[in-house]
>>> print(open('start.txt').read())   # compact mmCIF, C-alpha atoms
# COMPACT_ATOMS: atom_id res chain seq x y z
CA MET A 25 276.59 -11.96 -20.20
CA THR A 26 278.57 -14.51 -22.16
CA ARG A 27 279.21 -14.18 -25.89
CA ARG A 28 277.05 -17.21 -26.52
CA ALA A 29 274.13 -15.73 -24.59
CA ALA A 30 274.56 -12.38 -26.37
CA ARG A 31 274.14 -14.06 -29.75
CA ARG A 32 270.94 -15.80 -28.62
CA ARG A 33 269.44 -12.69 -27.03
CA PRO A 34 265.72 -12.50 -27.90
CA GLU A 35 264.38 -9.46 -29.66
CA PHE A 36 262.28 -6.98 -27.72
CA ARG A 37 258.63 -7.76 -28.47
CA PRO A 38 256.32 -6.36 -25.75
CA GLN A 39 253.26 -7.80 -27.51
CA ARG A 40 254.40 -11.32 -26.54
CA TRP A 41 253.09 -10.62 -23.01
CA ASP A 42 249.55 -10.02 -24.25
CA ALA A 43 247.03 -12.61 -23.11
CA ASP A 44 245.99 -13.46 -26.67
CA ALA A 45 249.56 -13.73 -28.02
CA PRO A 46 250.04 -16.84 -30.20
CA ASP A 47 253.39 -17.72 -28.61
CA ALA A 48 252.45 -16.97 -25.02
CA VAL A 49 255.22 -17.12 -22.44
CA PRO A 50 254.91 -20.27 -20.31
CA ASP A 51 254.20 -20.05 -16.58
CA HIS A 52 257.31 -19.56 -14.40
CA ALA A 53 259.38 -18.51 -17.45
CA TRP A 54 261.03 -15.61 -15.61
CA PHE A 55 261.07 -17.06 -12.09
CA PRO A 56 264.62 -18.03 -11.06
CA PHE A 57 264.94 -21.68 -10.00
CA GLY A 58 261.52 -22.04 -11.44
CA GLY A 59 258.29 -23.66 -10.87
CA GLY A 60 256.62 -26.47 -12.69
CA PRO A 61 258.55 -29.55 -13.77
CA ARG A 62 262.02 -27.97 -13.49
CA THR A 63 261.78 -26.46 -10.04
CA CYS A 64 264.81 -26.53 -7.76
CA LEU A 65 265.08 -29.95 -6.10
CA GLY A 66 266.47 -28.54 -2.86
CA ALA A 67 263.98 -25.69 -2.40
CA ARG A 68 261.65 -27.59 -0.04
CA PHE A 69 264.57 -28.92 2.01
CA ALA A 70 266.07 -25.42 2.28
CA GLN A 71 262.77 -24.00 3.55
CA VAL A 72 262.43 -26.70 6.20
CA GLU A 73 266.05 -26.29 7.24
CA ALA A 74 265.69 -22.50 7.48
CA ALA A 75 262.64 -22.88 9.74
CA LEU A 76 264.54 -25.27 12.01
CA VAL A 77 267.56 -22.96 12.22
CA LEU A 78 265.36 -19.95 13.07
CA ALA A 79 263.47 -21.95 15.72
CA THR A 80 266.74 -23.09 17.30
CA LEU A 81 268.11 -19.53 17.33
CA ALA A 82 264.85 -18.20 18.81
CA GLN A 83 265.15 -20.70 21.67
CA ARG A 84 268.71 -19.65 22.49
CA LEU A 85 268.79 -15.93 21.71
CA ARG A 86 266.77 -12.82 22.55
CA LEU A 87 266.57 -9.61 20.49
CA GLU A 88 266.37 -6.33 22.37
CA LEU A 89 265.04 -3.45 20.28
CA PRO A 90 265.35 0.22 21.25
CA GLN A 91 262.15 1.92 22.39
CA ALA A 92 262.35 4.53 19.62
CA GLU A 93 259.48 4.97 17.17
CA VAL A 94 260.10 3.41 13.76
CA THR A 95 259.19 5.50 10.72
CA PRO A 96 258.51 3.37 7.62
CA ARG A 97 259.71 4.21 4.11
CA VAL A 98 257.43 2.88 1.40
CA GLY A 99 259.03 1.68 -1.79
CA LEU A 100 259.45 -1.68 -3.45
CA LEU A 101 259.95 -2.99 0.09
CA LEU A 102 258.65 -1.59 3.35
CA GLN A 103 261.76 -0.52 5.28
CA PRO A 104 262.55 1.78 8.19
CA VAL A 105 263.89 5.24 7.29
CA THR A 106 266.87 4.79 9.63
CA PRO A 107 268.56 1.47 10.38
CA LEU A 108 266.90 -0.52 13.15
CA LEU A 109 269.65 -1.68 15.46
CA ALA A 110 269.00 -4.57 17.84
CA THR A 111 271.09 -6.19 20.54
CA VAL A 112 271.35 -9.98 20.50
CA ARG A 113 271.64 -11.59 23.93
CA ALA A 114 271.76 -15.19 25.08
CA ARG A 115 268.73 -16.41 27.04
>>> encode(input="start.txt", output="structure tokens")
Amino acid sequence: MTRRAARRRPEFRPQRWDADAPDAVPDHAWFPFGGGPRTCLGARFAQVEAALVLATLAQRLRLELPQAEVTPRVGLLLQPVTPLLATVRAR
């Protein structure tokens, strides 16, 4: 955190998140790269480009997974308990 940001740090007021708060927090206020009028200009292009890259890789490569049973670990994300190792081979 910069010194400038530390001076402007807002006070902790949990009541500002209440639905009937007079100074309600605007939509997308805590969403990085935002939503609304100030959304990231390259977000749509990046999503399209990522889909094209994944499609190209899927045409050229094949993933081979081991036949072991995968045990999930539930938390903030759903992940396997042990790492899931795959072999990448050319088609």
>>> residues_around(input="start.txt", residues="Pro107 in chain A", least_positions_apart="2", cutoff="12 Å", atoms="only C-alpha atoms", output="number ranges by chain")
A: 89-90, 92-97, 103-105, 109-110
>>> atom_distance(input="start.txt", atom1="CA of Glu88 in chain A", atom2="CA of Ala74 in chain A")
22.0 Å
>>> closest_residue(input="start.txt", among="A:Thr106, A:Gln39, A:Thr111, A:Gln71", to="Leu87 in chain A", atoms="all atoms listed in the file")
A:Thr111
>>> atom_distance(input="start.txt", atom1="CA of Gln91 in chain A", atom2="CA of Val112 in chain A")
15.2 Å
>>> atom_distance(input="start.txt", atom1="CA of Leu108 in chain A", atom2="CA of Ala82 in chain A")
18.7 Å
>>> closest_residue(input="start.txt", among="A:Gly99, A:Arg113, A:Phe69, A:Asp42", to="Arg86 in chain A", atoms="only C-alpha atoms")
A:Arg113
>>> build_atoms(input="start.txt", residues="range 54-88 of chain A", atoms="N, CA and C atoms", output="short mmCIF file (atom, residue, chain, number, x, y, z; two decimals), keeping the file's coordinate frame")
data_model
loop_
_atom_site.label_atom_id
_atom_site.label_comp_id
_atom_site.auth_asym_id
_atom_site.auth_seq_id
_atom_site.Cartn_x
_atom_site.Cartn_y
_atom_site.Cartn_z
N TRP A 54 260.07 -16.58 -16.12
CA TRP A 54 261.03 -15.61 -15.61
C TRP A 54 261.20 -15.72 -14.10
N PHE A 55 260.93 -16.85 -13.53
CA PHE A 55 261.07 -17.06 -12.09
C PHE A 55 262.32 -17.88 -11.85
N PRO A 56 263.38 -17.28 -11.26
CA PRO A 56 264.62 -18.03 -11.06
C PRO A 56 264.41 -19.30 -10.24
N PHE A 57 265.03 -20.36 -10.62
CA PHE A 57 264.94 -21.68 -10.00
C PHE A 57 263.54 -22.24 -10.13
N GLY A 58 262.72 -21.55 -10.86
CA GLY A 58 261.52 -22.04 -11.44
C GLY A 58 260.39 -22.55 -10.61
N GLY A 59 259.48 -23.02 -11.36
CA GLY A 59 258.29 -23.66 -10.87
C GLY A 59 257.98 -24.71 -11.93
N GLY A 60 256.97 -25.46 -11.71
CA GLY A 60 256.62 -26.47 -12.69
C GLY A 60 257.57 -27.65 -12.64
N PRO A 61 257.78 -28.31 -13.77
CA PRO A 61 258.55 -29.55 -13.77
C PRO A 61 260.05 -29.37 -13.50
N ARG A 62 260.57 -28.16 -13.67
CA ARG A 62 262.02 -27.97 -13.49
C ARG A 62 262.34 -27.12 -12.26
N THR A 63 261.54 -27.23 -11.26
CA THR A 63 261.78 -26.46 -10.04
C THR A 63 263.02 -26.98 -9.32
N CYS A 64 263.60 -26.17 -8.50
CA CYS A 64 264.81 -26.53 -7.76
C CYS A 64 264.52 -27.70 -6.83
N LEU A 65 265.31 -28.75 -6.92
CA LEU A 65 265.08 -29.95 -6.10
C LEU A 65 265.30 -29.70 -4.62
N GLY A 66 266.17 -28.78 -4.26
CA GLY A 66 266.47 -28.54 -2.86
C GLY A 66 265.66 -27.44 -2.21
N ALA A 67 264.73 -26.83 -2.94
CA ALA A 67 263.98 -25.69 -2.40
C ALA A 67 263.18 -26.08 -1.16
N ARG A 68 262.47 -27.17 -1.19
CA ARG A 68 261.65 -27.59 -0.04
C ARG A 68 262.54 -27.90 1.16
N PHE A 69 263.64 -28.60 0.93
CA PHE A 69 264.57 -28.92 2.01
C PHE A 69 265.15 -27.64 2.62
N ALA A 70 265.50 -26.67 1.79
CA ALA A 70 266.07 -25.42 2.28
C ALA A 70 265.07 -24.66 3.14
N GLN A 71 263.79 -24.68 2.76
CA GLN A 71 262.77 -24.00 3.55
C GLN A 71 262.59 -24.67 4.91
N VAL A 72 262.58 -25.98 4.94
CA VAL A 72 262.43 -26.70 6.20
C VAL A 72 263.65 -26.45 7.08
N GLU A 73 264.84 -26.51 6.49
CA GLU A 73 266.05 -26.29 7.24
C GLU A 73 266.12 -24.87 7.80
N ALA A 74 265.70 -23.89 7.01
CA ALA A 74 265.69 -22.50 7.48
C ALA A 74 264.75 -22.33 8.67
N ALA A 75 263.58 -22.96 8.62
CA ALA A 75 262.64 -22.88 9.74
C ALA A 75 263.22 -23.51 11.00
N LEU A 76 263.92 -24.63 10.86
CA LEU A 76 264.54 -25.27 12.01
C LEU A 76 265.67 -24.43 12.60
N VAL A 77 266.47 -23.82 11.75
CA VAL A 77 267.56 -22.96 12.22
C VAL A 77 266.99 -21.75 12.96
N LEU A 78 265.96 -21.11 12.41
CA LEU A 78 265.36 -19.95 13.07
C LEU A 78 264.72 -20.34 14.40
N ALA A 79 264.07 -21.49 14.46
CA ALA A 79 263.47 -21.95 15.72
C ALA A 79 264.54 -22.22 16.76
N THR A 80 265.64 -22.82 16.36
CA THR A 80 266.74 -23.09 17.30
C THR A 80 267.36 -21.79 17.81
N LEU A 81 267.56 -20.82 16.92
CA LEU A 81 268.11 -19.53 17.33
C LEU A 81 267.14 -18.80 18.26
N ALA A 82 265.85 -18.87 17.97
CA ALA A 82 264.85 -18.20 18.81
C ALA A 82 264.80 -18.80 20.22
N GLN A 83 265.11 -20.07 20.36
CA GLN A 83 265.15 -20.70 21.67
C GLN A 83 266.35 -20.23 22.48
N ARG A 84 267.45 -19.93 21.81
CA ARG A 84 268.71 -19.65 22.49
C ARG A 84 269.05 -18.17 22.60
N LEU A 85 268.44 -17.34 21.76
CA LEU A 85 268.79 -15.93 21.71
C LEU A 85 267.57 -15.05 21.93
N ARG A 86 267.83 -13.80 22.34
CA ARG A 86 266.77 -12.82 22.55
C ARG A 86 267.20 -11.52 21.87
N LEU A 87 266.30 -10.89 21.13
CA LEU A 87 266.57 -9.61 20.49
C LEU A 87 266.01 -8.50 21.36
N GLU A 88 266.82 -7.50 21.63
CA GLU A 88 266.37 -6.33 22.37
C GLU A 88 266.37 -5.15 21.41
#
